[in-house]
There are 4 protein chains.
Amino acid sequence: MAVWSYLSVRKRVQEIVAIARPGDTVSRVFDVSIVVLILLNVAAMIFESVASVCEAMDGAFAAFEYVSVIVFSLEYLLRVWSCVEDPRYAHPVFGRLRFARTPLALIDLLAVLPFYLPFVNVDLRMLRILRIMRIARLAKLGRYSDSLQTLGRVVATKKEQLISTVFILLILLVIAACLMYYAENEMQPDRFSSIPMAMWWAVTTLTTVGYGDVLPVTLIGRLMGALIAILGIGMFALPTGILGAGFVEEMERRKQPRCCPHCGKELPK
Amino acid sequence: MAVWSYLSVRKRVQEIVAIARPGDTVSRVFDVSIVVLILLNVAAMIFESVASVCEAMDGAFAAFEYVSVIVFSLEYLLRVWSCVEDPRYAHPVFGRLRFARTPLALIDLLAVLPFYLPFVNVDLRMLRILRIMRIARLAKLGRYSDSLQTLGRVVATKKEQLISTVFILLILLVIAACLMYYAENEMQPDRFSSIPMAMWWAVTTLTTVGYGDVLPVTLIGRLMGALIAILGIGMFALPTGILGAGFVEEMERRKQPRCCPHCGKELPK
Amino acid sequence: MAVWSYLSVRKRVQEIVAIARPGDTVSRVFDVSIVVLILLNVAAMIFESVASVCEAMDGAFAAFEYVSVIVFSLEYLLRVWSCVEDPRYAHPVFGRLRFARTPLALIDLLAVLPFYLPFVNVDLRMLRILRIMRIARLAKLGRYSDSLQTLGRVVATKKEQLISTVFILLILLVIAACLMYYAENEMQPDRFSSIPMAMWWAVTTLTTVGYGDVLPVTLIGRLMGALIAILGIGMFALPTGILGAGFVEEMERRKQPRCCPHCGKELPK
Amino acid sequence: MAVWSYLSVRKRVQEIVAIARPGDTVSRVFDVSIVVLILLNVAAMIFESVASVCEAMDGAFAAFEYVSVIVFSLEYLLRVWSCVEDPRYAHPVFGRLRFARTPLALIDLLAVLPFYLPFVNVDLRMLRILRIMRIARLAKLGRYSDSLQTLGRVVATKKEQLISTVFILLILLVIAACLMYYAENEMQPDRFSSIPMAMWWAVTTLTTVGYGDVLPVTLIGRLMGALIAILGIGMFALPTGILGAGFVEEMERRKQPRCCPHCGKELPK
């Protein structure tokens with residue numbers, strides 16, 4: 001006797017577009033379809049850049065582009081329309097506006113907006129850069145994974161310390177680049193032409209990437225280079241140690257408060 | 001008064017081909033011999049590829065190939081024949097089929113099958129690729145090490161989080177490759193010719209391998225390259241932190257049994 | 001009715017130049033201004049090295065140099081003058097001398113001293129090297145971050161073990177360089193011309209930077225190179241493991257105060 | 001009234017050559033002198049390889065060589081002579097032989113032996129290789145550090161798991177090299193000329209050294225290269241996680257059993 005009223009439809013739509021609850025097959029199918037479409041979009045963007053593939057299948061890419069923009073637009077509209085069923089966004093106007101301001105909703109909007117904007121016809125390079133935002137659709141996938149959220153929580157807990165590590169890395173980078181600039185500028189004025197150029201060398205060395213396009217050749221330069229490469233090991237040790245402790249913490253936080261099976265009392269952790 | 005009946009022989013064969021129990025010298029010798037033969041096979045495959053060695057010892061390699069295929073075939077047949085002694089594969093037909101479907105048994109089969117297939121005479125390149133499967137014999141070694149199984153258990157416990165890390169790595173890869181493609185395509189149309197090519201650069205940078213064959217040269221490209229190289233440190237920190245916590249967990253799980261502070265009885269782990 | 005006597009002014013100045021206490025807005029503004037000025041100085045030094053920027057804005061850089069040296073000099077004098085308010089440096093002469101000998105005060109002095117020294121007019125290269133000390137101003141930033149101090153404390157706790165790791169790295173470096181020198185010297189007398197040159201290769205390999213400018217080419221050289229590269233993984237594992245344990249320790253030290261299970265009273269950490 | 005008998009001298013010599021006990025200044029001076037001489041020897045070996053330094057100071061190096069070999073020989077003889085004071089090596093003949101068989105004593109012997117062997121005059125290349133053993137003197141330094149022994153203990157506790165990691169690395173190496181050989185051999189027959197050559201590539205990639213001298217260029221080769229580079233991250237994560245857990249374990253093992261300051265009873269860990 002369920003009346004398919006406007007409100008009950010909206011409630012059902014909200015359930016479908018939200019993350020599926022166990023047993024809700026329709027919502028689950030919707031979630032999976034959207035994820036697959038996002039992945040297909042990313043694949044299309046990647047293969048479109050290959051000249052040979054692009055020429056052969058230009059029409060197919062354009063058609064797929066149209067279809068997916070329509071689906072994502074519909075999905076976005078359904079989300080905004082039905083979000084008022086969520087008590088947090090209950091107000092018909094301000095609730096929807098607040099929902100539209102959440103990062104995930106903004107990403108959803110930015111993923112389709114470039115297609116509708118009129119000035120995309122003006123500058124093709126602009127379009128290209130806007131199109132990169134499409135990758136943001138991938139970020140939606142995070143919604144669907146429990147394990148990703150654990151990683152996110154650990155990183156979030158240690159955010160401050162990780163930023164400090166990046167800060168130390170930047171200080172080391174500037175010091176290393178300045179010293180190397182003064183050491184190598186005379187011998188290699190084209191490669192170590194300025195401190196920003198020396199910073200490119202410092203990044204590739206401190207992160208141990210080591211492309212080998214910019215290199216110290218003087219004795220003092222190589223001594224400093226060796227020191228900086230060794231400090232690079234420390235650069236790996238700091239965030240790894242921080243996140244390691246974070247994962248140990250998370251692991252301990254998840255341990256159930258255990259009870260003694262003999263006397264039934266709760267055990268100290 | 002042991003009757004050397006068919007059944008008792010099969011039981012003994014099953015004991016020998018299974019991992020040796022302490023004190024069972026015959027089974028232990030069998031295990032070690034198989035491992036040594038596997039290692040010799042791998043060595044043969046490696047040295048066969050060296051032109052000078054191959055020419056000098058072509059006959060020896062062929063003979064060794066014959067001998068080891070015969071030994072491995074016999075071993076496989078003995079395993080399949082005797083597996084019904086294991087209660088899990090008790091049924092003479094379906095039990096053996098189920099045993100043949102286990103990963104280790106499949107590997108054993110694939111390691112000898114290419115030799116018997118008739119079409120190996122058709123295409124030599126096909127033979128080559130099938131021959132790679134022979135390395136699968138190495139995976140058998142895992143059966144014989146206790147410490148390897150500990151590592152395997154830790155990795156298995158954290159499998160989900162590790163896959164999430166690879167997933168994050170892939171997302172970063174795609175984003176990095178897309179941005180770099182748009183930044184560098186104009187300056188280096190031959191090196192950053194497409195997004196898949198830019199992904200090759202992104203892999204070598206995010207993993208800090210840094211071959212240096214594909215490199216950003218523009219200012220914006222280098223800025224992004226620096227950012228991606230720094231994120232590469234994070235790519236090392238995540239799995240390391242996850243596995244670190246896994247090993248701490250494993251270590252704690254092995255600790256002495258604790259006693260309840262309320263009733264004094266021993267607690268289950 | 002506060003009398004603005006010499007002493008009360010000195011007290012207030014000392015409060016302002018020290019790290020701001022919560023609620024002390026003036027001191028906070030002072031702290032932030034100094035940090036911003038330090039960062040601007042670093043930025044100026046970096047961009048001054050770019051030829052095109054330097055030519056266009058030479059006057060602006062010189063003026064900014066004058067202004068910031070004056071501000072930093074004033075700051076240094078205020079710190080030395082007011083430090084006697086700190087009970088540790090209470091004596092008007094010896095207290096100030098002891099304050100001037102602290103690392104942070106020495107850095108503050110070295111950051112402005114080169115500007116006043118007369119011999120800067122003699123040798124421009126000398127000036128350049130002295131100017132690098134200016135980066136020392138960045139080290140002041142450490143004063144202002146809580147999270148940086150946590151990192152510093154963990155590193156300080158494990159200082160001895162980390163130094164041992166560097167010591168092991170140096171031993172491996174010397175051994176690797178000597179072996180590689182004897183292996184590769186004959187084939188590549190220009191690249192592996194001496195053990196110090198081989199050490200440059202060993203550093204880039206053990207730290208996994210791998211520029212690729214110096215490389216083994218002989219069979220024995222590559223075998224040793226492979227071994228050293230694998231040991232390089234261990235070089236990362238040691239400091240990471242040490243710091244990981246340090247962060248776990250720090251994390252546990254911060255936990256909730258526990259209660260004694262015998263008498264129920266709170267335990268000191 | 002101490003009689004300077006043969007025995008009391010031997011006892012004193014044994015005390016001096018052993019690691020100094022707190023307060024024993026003579027023994028401490030001896031220890032430090034030996035360490036300094038070892039370091040000078042290493043420095044001499046390094047600088048002797050530099051052509052310009054070697055020519056200018058050839059006589060000085062030879063003289064230093066003579067002096068240090070005499071000192072190290074005397075030290076070795078004193079150690080062997082006095083070792084019988086140690087209850088473990090009490091027997092005048094067998095005790096000394098057992099002492100001479102300890103790794104440290106063997107290293108001491110190998111460090112001076114090449115100098116006395118007659119055949120050093122026969123082949124200069126032989127001399128060179130024997131001279132490398134001189135680096136063994138560095139290993140003596142381990143005796144003098146407490147913190148190094150902690151590291152050694154952690155590594156020793158996890159030895160089995162670390163070896164398993166190296167074993168996994170070797171399996172991955174062989175598989176990666178075989179696959180890459182079949183993928184790249186046709187396109188780059190000179191670089192991927194055999195599986196051992198492909199293994200050199202695989203080592204530089206799995207350890208993320210990435211020299212860039214051997215590189216995949218085909219599509220399938222790059223796909224596999226990317227996969228192997230990502231597995232390289234795992235290669236860092238495994239030993240780091242193992243050692244991380246080892247350091248946490250060591251840290252917990254050192255925690256004193258604490259007592260409650262209120263009731264004096266021992267607290268559970």
# chains A, B, ... in the order shown; residues from 1 in each chain; ligands from 1
>>> residues_around(residues="Ala202 in chain D", least_positions_apart="2", cutoff="10 Å", atoms="only C-alpha atoms", output="list in words")
Ala226 of chain C; Leu170, Leu172, Leu173, Val174, Ile175, Ala176, Ala177, Cys178, Met180, Ile195, Pro196, Met197, Ala198, Met199, Trp200, Thr204, Thr205, Leu206, Thr207, Thr208, Gly210, Val214, Leu215, Gly225, Ile228, Ala229 and Gly232 of chain D
>>> residues_around(residues="range 57-62 of chain C", least_positions_apart="6", cutoff="10 Å", atoms="only C-alpha atoms", output="tab-separated table (two decimals) with all heavy atoms, in the first residue's frame")
chain	number	residue	atom	x	y	z
C	41	ASN	N	63.18	36.65	3.39
C	41	ASN	CA	64.62	36.69	3.16
C	41	ASN	C	65.09	35.49	2.36
C	41	ASN	O	65.91	35.61	1.45
C	41	ASN	CB	65.35	36.71	4.51
C	41	ASN	CG	65.72	38.12	4.90
C	41	ASN	OD1	66.78	38.58	4.53
C	41	ASN	ND2	64.84	38.80	5.60
C	44	ALA	N	63.98	35.90	-1.13
C	44	ALA	CA	64.81	36.89	-1.81
C	44	ALA	C	66.12	36.26	-2.26
C	44	ALA	O	66.57	36.46	-3.40
C	44	ALA	CB	65.08	38.07	-0.87
C	45	MET	N	66.75	35.48	-1.35
C	45	MET	CA	68.02	34.85	-1.68
C	45	MET	C	67.87	33.90	-2.87
C	45	MET	O	68.72	33.85	-3.76
C	45	MET	CB	68.54	34.07	-0.48
C	45	MET	CG	69.90	33.45	-0.74
C	45	MET	SD	70.55	32.73	0.75
C	45	MET	CE	69.16	31.78	1.30
C	47	PHE	N	65.44	33.98	-5.31
C	47	PHE	CA	65.14	34.65	-6.58
C	47	PHE	C	66.27	35.55	-7.04
C	47	PHE	O	66.42	35.81	-8.22
C	47	PHE	CB	63.82	35.42	-6.46
C	47	PHE	CG	62.65	34.50	-6.39
C	47	PHE	CD1	61.87	34.41	-5.25
C	47	PHE	CD2	62.35	33.69	-7.48
C	47	PHE	CE1	60.81	33.53	-5.19
C	47	PHE	CE2	61.28	32.81	-7.42
C	47	PHE	CZ	60.52	32.73	-6.28
C	48	GLU	N	67.10	36.05	-6.09
C	48	GLU	CA	68.24	36.89	-6.46
C	48	GLU	C	69.21	36.12	-7.35
C	48	GLU	O	69.94	36.70	-8.15
C	48	GLU	CB	68.96	37.33	-5.17
C	48	GLU	CG	69.63	38.69	-5.29
C	48	GLU	CD	70.26	39.09	-3.97
C	48	GLU	OE1	69.87	38.52	-2.92
C	48	GLU	OE2	71.14	39.94	-3.98
>>> interface_residues(of="chain C", to="chain B", cutoff="10 Å", atoms="only C-alpha atoms", output="ChimeraX atom specification")
/C:208-212,237,240-241,244-245,261-262
>>> select_by_dssp(residues="range 98-255 of chain A", states="helix (DSSP H, G or I)", output="PyMOL selection string")
chain A and resi 98-100+103-116+118-121+124-144+146-157+159-184+195-206+219-254
>>> calpha_fit_and_write(fixed="chain C", moving="chain A", output="tab-separated table (two decimals) with C-alpha atoms, in the first residue's frame")
chain	number	residue	atom	x	y	z
A	1	MET	CA	49.56	52.77	38.09
A	2	ALA	CA	52.27	50.87	36.30
A	3	VAL	CA	55.38	53.01	36.16
A	4	TRP	CA	56.99	52.72	32.73
A	5	SER	CA	60.38	52.51	34.26
A	6	TYR	CA	63.48	51.18	32.49
A	7	LEU	CA	63.09	47.84	34.26
A	8	SER	CA	59.42	47.30	33.49
A	9	VAL	CA	60.04	48.13	29.82
A	10	ARG	CA	62.90	45.62	29.72
A	11	LYS	CA	60.69	43.00	31.34
A	12	ARG	CA	57.95	43.64	28.75
A	13	VAL	CA	60.46	43.53	25.86
A	14	GLN	CA	61.81	40.23	27.15
A	15	GLU	CA	58.27	38.84	27.22
A	16	ILE	CA	57.65	40.02	23.65
A	17	VAL	CA	60.87	38.65	22.12
A	18	ALA	CA	60.48	35.33	23.96
A	19	ILE	CA	58.01	32.73	22.64
A	20	ALA	CA	54.50	34.10	23.18
A	21	ARG	CA	52.57	32.82	26.17
A	22	PRO	CA	48.89	32.08	25.53
A	23	GLY	CA	46.91	35.35	25.50
A	24	ASP	CA	49.88	37.65	24.92
A	25	THR	CA	48.76	39.05	21.55
A	26	VAL	CA	51.59	41.56	21.11
A	27	SER	CA	54.23	38.87	21.66
A	28	ARG	CA	52.39	36.54	19.28
A	29	VAL	CA	52.25	39.21	16.56
A	30	PHE	CA	55.98	39.83	17.05
A	31	ASP	CA	56.75	36.08	16.74
A	32	VAL	CA	54.67	35.69	13.59
A	33	SER	CA	56.15	38.83	12.00
A	34	ILE	CA	59.70	37.59	12.57
A	35	VAL	CA	58.84	34.17	11.08
A	36	VAL	CA	57.26	35.84	8.03
A	37	LEU	CA	60.29	38.09	7.59
A	38	ILE	CA	62.61	35.06	7.80
A	39	LEU	CA	60.60	33.25	5.13
A	40	LEU	CA	60.57	36.36	2.92
A	41	ASN	CA	64.36	36.56	3.29
A	42	VAL	CA	64.74	32.95	2.19
A	43	ALA	CA	62.40	33.58	-0.75
A	44	ALA	CA	64.43	36.68	-1.68
A	45	MET	CA	67.68	34.71	-1.63
A	46	ILE	CA	66.14	32.02	-3.85
A	47	PHE	CA	64.67	34.38	-6.43
A	48	GLU	CA	67.70	36.68	-6.43
A	49	SER	CA	69.65	33.78	-7.97
A	50	VAL	CA	67.33	33.63	-10.98
A	51	ALA	CA	69.03	35.85	-13.59
A	52	SER	CA	65.85	37.27	-15.14
A	53	VAL	CA	64.24	38.10	-11.80
A	54	CYS	CA	67.47	39.55	-10.40
A	55	GLU	CA	67.96	42.01	-13.28
A	56	ALA	CA	64.37	43.19	-13.19
A	57	MET	CA	64.19	43.75	-9.45
A	58	ASP	CA	67.75	44.42	-8.34
A	59	GLY	CA	66.83	47.58	-6.44
A	60	ALA	CA	63.94	45.95	-4.66
A	61	PHE	CA	66.16	43.11	-3.44
A	62	ALA	CA	68.79	45.55	-2.13
A	63	ALA	CA	66.14	47.62	-0.31
A	64	PHE	CA	64.56	44.51	1.21
A	65	GLU	CA	68.04	43.38	2.26
A	66	TYR	CA	68.63	46.69	4.09
A	67	VAL	CA	65.24	46.66	5.83
A	68	SER	CA	65.49	43.08	7.01
A	69	VAL	CA	69.05	43.44	8.28
A	70	ILE	CA	67.96	46.48	10.30
A	71	VAL	CA	64.96	44.61	11.75
A	72	PHE	CA	67.01	41.51	12.58
A	73	SER	CA	69.76	43.67	14.14
A	74	LEU	CA	67.24	45.48	16.30
A	75	GLU	CA	65.68	42.16	17.29
A	76	TYR	CA	69.12	40.78	18.22
A	77	LEU	CA	69.98	43.87	20.30
A	78	LEU	CA	66.61	43.72	22.08
A	79	ARG	CA	67.16	40.04	22.87
A	80	VAL	CA	70.66	40.67	24.29
A	81	TRP	CA	69.50	43.74	26.21
A	82	SER	CA	66.45	42.07	27.77
A	83	CYS	CA	67.92	38.60	28.35
A	84	VAL	CA	68.99	39.56	31.88
A	85	GLU	CA	65.33	39.32	32.89
A	86	ASP	CA	65.74	35.56	32.42
A	87	PRO	CA	67.12	34.22	35.75
A	88	ARG	CA	69.60	32.04	33.81
A	89	TYR	CA	71.32	35.11	32.32
A	90	ALA	CA	70.78	37.52	35.26
A	91	HIS	CA	74.31	39.01	35.42
A	92	PRO	CA	74.47	42.25	33.33
A	93	VAL	CA	77.77	41.31	31.63
A	94	PHE	CA	78.47	37.60	32.04
A	95	GLY	CA	74.78	36.68	31.76
A	96	ARG	CA	74.55	38.50	28.44
A	97	LEU	CA	77.77	36.90	27.24
A	98	ARG	CA	76.46	33.47	28.17
A	99	PHE	CA	73.20	34.28	26.34
A	100	ALA	CA	75.17	35.40	23.27
A	101	ARG	CA	76.95	32.04	23.28
A	102	THR	CA	73.71	30.00	23.01
A	103	PRO	CA	73.30	28.44	19.55
A	104	LEU	CA	70.15	30.43	18.71
A	105	ALA	CA	71.75	33.75	19.68
A	106	LEU	CA	74.88	32.90	17.68
A	107	ILE	CA	72.72	32.12	14.65
A	108	ASP	CA	70.93	35.45	15.09
A	109	LEU	CA	74.29	37.21	15.17
A	110	LEU	CA	75.76	35.35	12.18
A	111	ALA	CA	72.64	36.20	10.19
A	112	VAL	CA	73.32	39.92	10.38
A	113	LEU	CA	77.08	40.13	11.02
A	114	PRO	CA	78.27	39.64	7.36
A	115	PHE	CA	76.41	42.79	6.42
A	116	TYR	CA	78.43	44.93	8.85
A	117	LEU	CA	81.86	43.42	8.32
A	118	PRO	CA	84.10	45.71	6.29
A	119	PHE	CA	85.83	42.98	4.24
A	120	VAL	CA	82.61	42.17	2.40
A	121	ASN	CA	83.74	44.79	-0.09
A	122	VAL	CA	86.96	42.90	-0.75
A	123	ASP	CA	85.78	39.56	-2.13
A	124	LEU	CA	82.32	39.07	-3.53
A	125	ARG	CA	82.60	35.27	-3.45
A	126	MET	CA	83.32	35.44	0.28
A	127	LEU	CA	80.17	37.50	0.72
A	128	ARG	CA	78.20	34.89	-1.15
A	129	ILE	CA	79.30	32.08	1.11
A	130	LEU	CA	78.65	34.18	4.22
A	131	ARG	CA	75.23	34.98	2.88
A	132	ILE	CA	74.32	31.28	3.02
A	133	MET	CA	74.36	31.61	6.79
A	134	ARG	CA	71.26	33.69	6.38
A	135	ILE	CA	69.37	30.45	5.94
A	136	ALA	CA	70.21	29.83	9.58
A	137	ARG	CA	67.34	32.17	10.28
A	138	LEU	CA	65.07	29.33	9.30
A	139	ALA	CA	66.35	27.34	12.25
A	140	LYS	CA	64.66	29.91	14.47
A	141	LEU	CA	61.33	28.62	13.27
A	142	GLY	CA	61.98	25.50	15.34
A	143	ARG	CA	61.35	27.65	18.40
A	144	TYR	CA	57.76	28.11	17.37
A	145	SER	CA	56.67	24.53	16.73
A	146	ASP	CA	55.71	21.99	19.35
A	147	SER	CA	55.63	19.09	16.93
A	148	LEU	CA	59.14	19.82	15.64
A	149	GLN	CA	60.40	19.59	19.21
A	150	THR	CA	58.86	16.12	19.55
A	151	LEU	CA	60.71	14.99	16.43
A	152	GLY	CA	63.88	16.59	17.76
A	153	ARG	CA	63.51	14.79	21.09
A	154	VAL	CA	63.02	11.39	19.42
A	155	VAL	CA	66.06	11.95	17.21
A	156	ALA	CA	68.07	13.14	20.22
A	157	THR	CA	67.14	10.03	22.25
A	158	LYS	CA	68.33	7.76	19.47
A	159	LYS	CA	71.27	9.99	18.46
A	160	GLU	CA	73.92	7.47	19.41
A	161	GLN	CA	72.35	4.61	17.47
A	162	LEU	CA	71.76	6.83	14.44
A	163	ILE	CA	75.41	7.87	14.46
A	164	SER	CA	76.34	4.19	14.62
A	165	THR	CA	74.20	3.62	11.54
A	166	VAL	CA	76.02	6.38	9.71
A	167	PHE	CA	79.27	4.78	10.87
A	168	ILE	CA	78.22	1.39	9.44
A	169	LEU	CA	77.20	3.17	6.24
A	170	LEU	CA	80.65	4.76	6.02
A	171	ILE	CA	82.41	1.39	6.54
A	172	LEU	CA	80.23	-0.21	3.88
A	173	LEU	CA	80.95	2.77	1.65
A	174	VAL	CA	84.71	2.41	1.98
A	175	ILE	CA	84.65	-1.37	1.48
A	176	ALA	CA	82.28	-1.09	-1.51
A	177	ALA	CA	84.34	1.70	-3.08
A	178	CYS	CA	87.65	-0.19	-2.67
A	179	LEU	CA	86.29	-3.44	-4.13
A	180	MET	CA	84.60	-1.61	-7.00
A	181	TYR	CA	87.73	0.41	-7.72
A	182	TYR	CA	89.80	-2.75	-8.18
A	183	ALA	CA	87.03	-4.38	-10.25
A	184	GLU	CA	86.22	-1.49	-12.61
A	185	ASN	CA	89.41	0.59	-12.79
A	186	GLU	CA	90.81	-1.31	-15.76
A	187	MET	CA	87.62	-1.24	-17.84
A	188	GLN	CA	86.59	2.34	-17.01
A	189	PRO	CA	89.78	4.18	-15.98
A	190	ASP	CA	88.05	7.54	-16.47
A	191	ARG	CA	84.96	6.86	-14.32
A	192	PHE	CA	86.48	4.71	-11.58
A	193	SER	CA	89.74	6.65	-11.66
A	194	SER	CA	90.33	6.52	-7.89
A	195	ILE	CA	88.74	5.21	-4.68
A	196	PRO	CA	87.18	8.63	-3.86
A	197	MET	CA	85.49	8.52	-7.30
A	198	ALA	CA	84.30	4.96	-6.54
A	199	MET	CA	82.96	6.30	-3.22
A	200	TRP	CA	80.74	8.71	-5.16
A	201	TRP	CA	79.29	5.69	-6.96
A	202	ALA	CA	78.96	3.84	-3.63
A	203	VAL	CA	77.06	6.71	-2.01
A	204	THR	CA	74.59	6.99	-4.88
A	205	THR	CA	74.03	3.22	-4.78
A	206	LEU	CA	73.88	2.59	-1.01
A	207	THR	CA	71.39	5.44	-0.59
A	208	THR	CA	69.50	4.09	-3.68
A	209	VAL	CA	69.68	7.51	-5.33
A	210	GLY	CA	71.21	5.91	-8.42
A	211	TYR	CA	71.98	8.86	-10.70
A	212	GLY	CA	73.50	6.56	-13.29
A	213	ASP	CA	76.51	8.77	-14.12
A	214	VAL	CA	78.99	6.22	-12.72
A	215	LEU	CA	78.15	2.56	-13.29
A	216	PRO	CA	79.79	-0.86	-13.09
A	217	VAL	CA	80.02	-2.61	-16.48
A	218	THR	CA	82.10	-5.73	-15.74
A	219	LEU	CA	80.47	-8.94	-14.57
A	220	ILE	CA	82.20	-8.93	-11.17
A	221	GLY	CA	81.48	-5.21	-10.82
A	222	ARG	CA	77.78	-5.73	-11.45
A	223	LEU	CA	77.63	-8.64	-9.03
A	224	MET	CA	79.15	-6.47	-6.32
A	225	GLY	CA	76.95	-3.56	-7.38
A	226	ALA	CA	73.87	-5.75	-6.95
A	227	LEU	CA	75.04	-6.83	-3.49
A	228	ILE	CA	75.67	-3.23	-2.46
A	229	ALA	CA	72.27	-2.12	-3.80
A	230	ILE	CA	70.61	-4.83	-1.69
A	231	LEU	CA	72.62	-3.72	1.35
A	232	GLY	CA	71.23	-0.26	0.58
A	233	ILE	CA	67.81	-1.57	1.62
A	234	GLY	CA	69.34	-2.46	4.96
A	235	MET	CA	70.72	1.07	5.19
A	236	PHE	CA	67.15	2.35	5.07
A	237	ALA	CA	65.89	-0.30	7.48
A	238	LEU	CA	68.32	0.51	10.28
A	239	PRO	CA	67.55	4.22	10.94
A	240	THR	CA	63.87	3.64	10.19
A	241	GLY	CA	63.71	0.83	12.75
A	242	ILE	CA	65.60	2.93	15.31
A	243	LEU	CA	63.38	5.98	14.86
A	244	GLY	CA	60.26	3.78	14.73
A	245	ALA	CA	61.13	2.38	18.16
A	246	GLY	CA	61.89	5.93	19.30
A	247	PHE	CA	58.43	7.14	18.27
A	248	VAL	CA	56.76	4.13	19.95
A	249	GLU	CA	58.73	4.96	23.11
A	250	GLU	CA	57.74	8.64	22.94
A	251	MET	CA	54.11	7.61	22.39
A	252	GLU	CA	54.17	5.38	25.47
A	253	ARG	CA	55.97	7.98	27.55
A	254	ARG	CA	53.11	10.40	26.88
A	255	LYS	CA	50.41	8.04	28.00
A	256	GLN	CA	48.92	9.42	31.20
A	257	PRO	CA	49.16	7.09	34.19
A	258	ARG	CA	45.54	5.99	33.96
A	259	CYS	CA	43.30	5.32	36.90
A	260	CYS	CA	40.60	2.66	37.04
A	261	PRO	CA	37.24	4.48	36.73
A	262	HIS	CA	35.65	1.91	39.09
A	263	CYS	CA	38.00	1.87	42.09
A	264	GLY	CA	40.09	4.99	41.37
A	265	LYS	CA	43.44	3.26	41.82
A	266	GLU	CA	46.29	3.88	39.39
A	267	LEU	CA	46.69	1.22	36.72
A	268	PRO	CA	49.99	-0.38	35.76
A	269	LYS	CA	51.04	0.67	32.27
